[in-house]
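Structure record follows, encoded as structure tokens.
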Amino acid sequence: MSGNGTTSGDDPLQTAVWRLRSRACWADAAALLPAAEPAAALQRASLLVERCLYTETGWEEAEDALRTAEALATGDDERGAAACERGYLAYAATLFGVRDRADEARAALGRAAALIAPDAPGRPLLDFRRGLVAENLTRSPQAARAAYRRAHAGATAHADALLLSGTWRHLAGLALREGELVEARQGFAESLRIREELGYLIGTAPALVSLADTETEAEASRLREEARRLFRLLGGVPTWLARQLAPPATGAAATA
């Protein structure tokens, strides 16, 4: 989960970027953005880092884009956002076993927390990513829940629908592990609803699979089959979903 969701106003460039991004065309979306402008460089890095999370490829391109964004950043907000992306990329590399960069992930997100003001629009995304690190690297569900709840409140306050879909999803995942089936089903259903309304295709199949884990067999099978259809449509993205869609489903942890 990276970025603010759909588009800002009726900006044709951002509309085009969103449409490409939501259909797993991150490189095409990044190519539309001017590389020499700080905000565009940061958005370009964000797109290429997100591609790593969904495809487990493109690590060097993401690193290059991130170094450019870091070099162009001026104010605390831009430097903090770049540090947030740095932490997210290090988290992804660790999660997928590319290289253990857990310490770098924590340090970069800590740096971002020192630069991004508590009420800034970028703070909820930072809180969400700190929750991911706590859940999947540190194995601390209590810290993860607290971070997700902060992110959820912030995403609500800033009307960040895409991030809300992520906080609903991960709070529901923690609830499911604790046997709170009703709470988990509600959270996964909300996450799916938001992603479908936004047209966020790359995130819809994982949401379908997660909801299926809380449903009875007939409905669960229908949801998984729909997820398989989308997965094939997008060329096998996200790559890690293949393990959950293969019979029998493995129930692997969500990553996005």
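Chains: A, B, ... in order of the structure tokens. Residues: from 1 per chain. Ligands: from 1, in order shown.
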Spatial neighbours of Leu42 (chain A), 12 Å, only C-alpha atoms, chain gap at least 6 places, as number ranges by chain:
A: 2-3, 30, 33-36, 48-49, 62-74, 77-86
Leu198 (chain A) environment, 12 Å, only C-alpha atoms, sequence neighbours closer than 5 positions dropped, as JSON, numbers by chain:
{"A": [4, 5, 6, 7, 15, 18, 19, 21, 22, 23, 160, 161, 162, 163, 164, 165, 191, 192, 193, 203, 204]}
Computed interatomic separation between CA of Arg149 (chain A) and CA of Thr167 (chain A) (Å)
7.4 Å
With only C-alpha atoms as the basis for distance, which of A:Gly87, A:Pro38, A:Gly179, A:Pro124 is at the shortest distance from Arg150 (chain A)?
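The closest residue to Arg150 (chain A) is A:Pro124.
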So that I can check the surroundings of region 100-110 of chain A, please list as a ChimeraX atom specification every protein, DNA and RNA residue that reaches within 10 Å of it, counting only C-alpha atoms and ignoring chain neighbours fewer than 3 positions away.
/A:80-97,113-115,126-127,129-130,133-134,137-138
Distance in Å - CA of Leu208 (chain A) versus CA of Leu230 (chain A):
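CA of Leu230 (chain A) lies at a distance of 9.9 Å from CA of Leu208 (chain A).
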With only C-alpha atoms as the atoms that count, which of A:Thr55, A:Asn136, A:Gln244, A:Gln142 lies nearest to Cys25 (chain A)?
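For Cys25 (chain A), the nearest of the candidates is A:Thr55.
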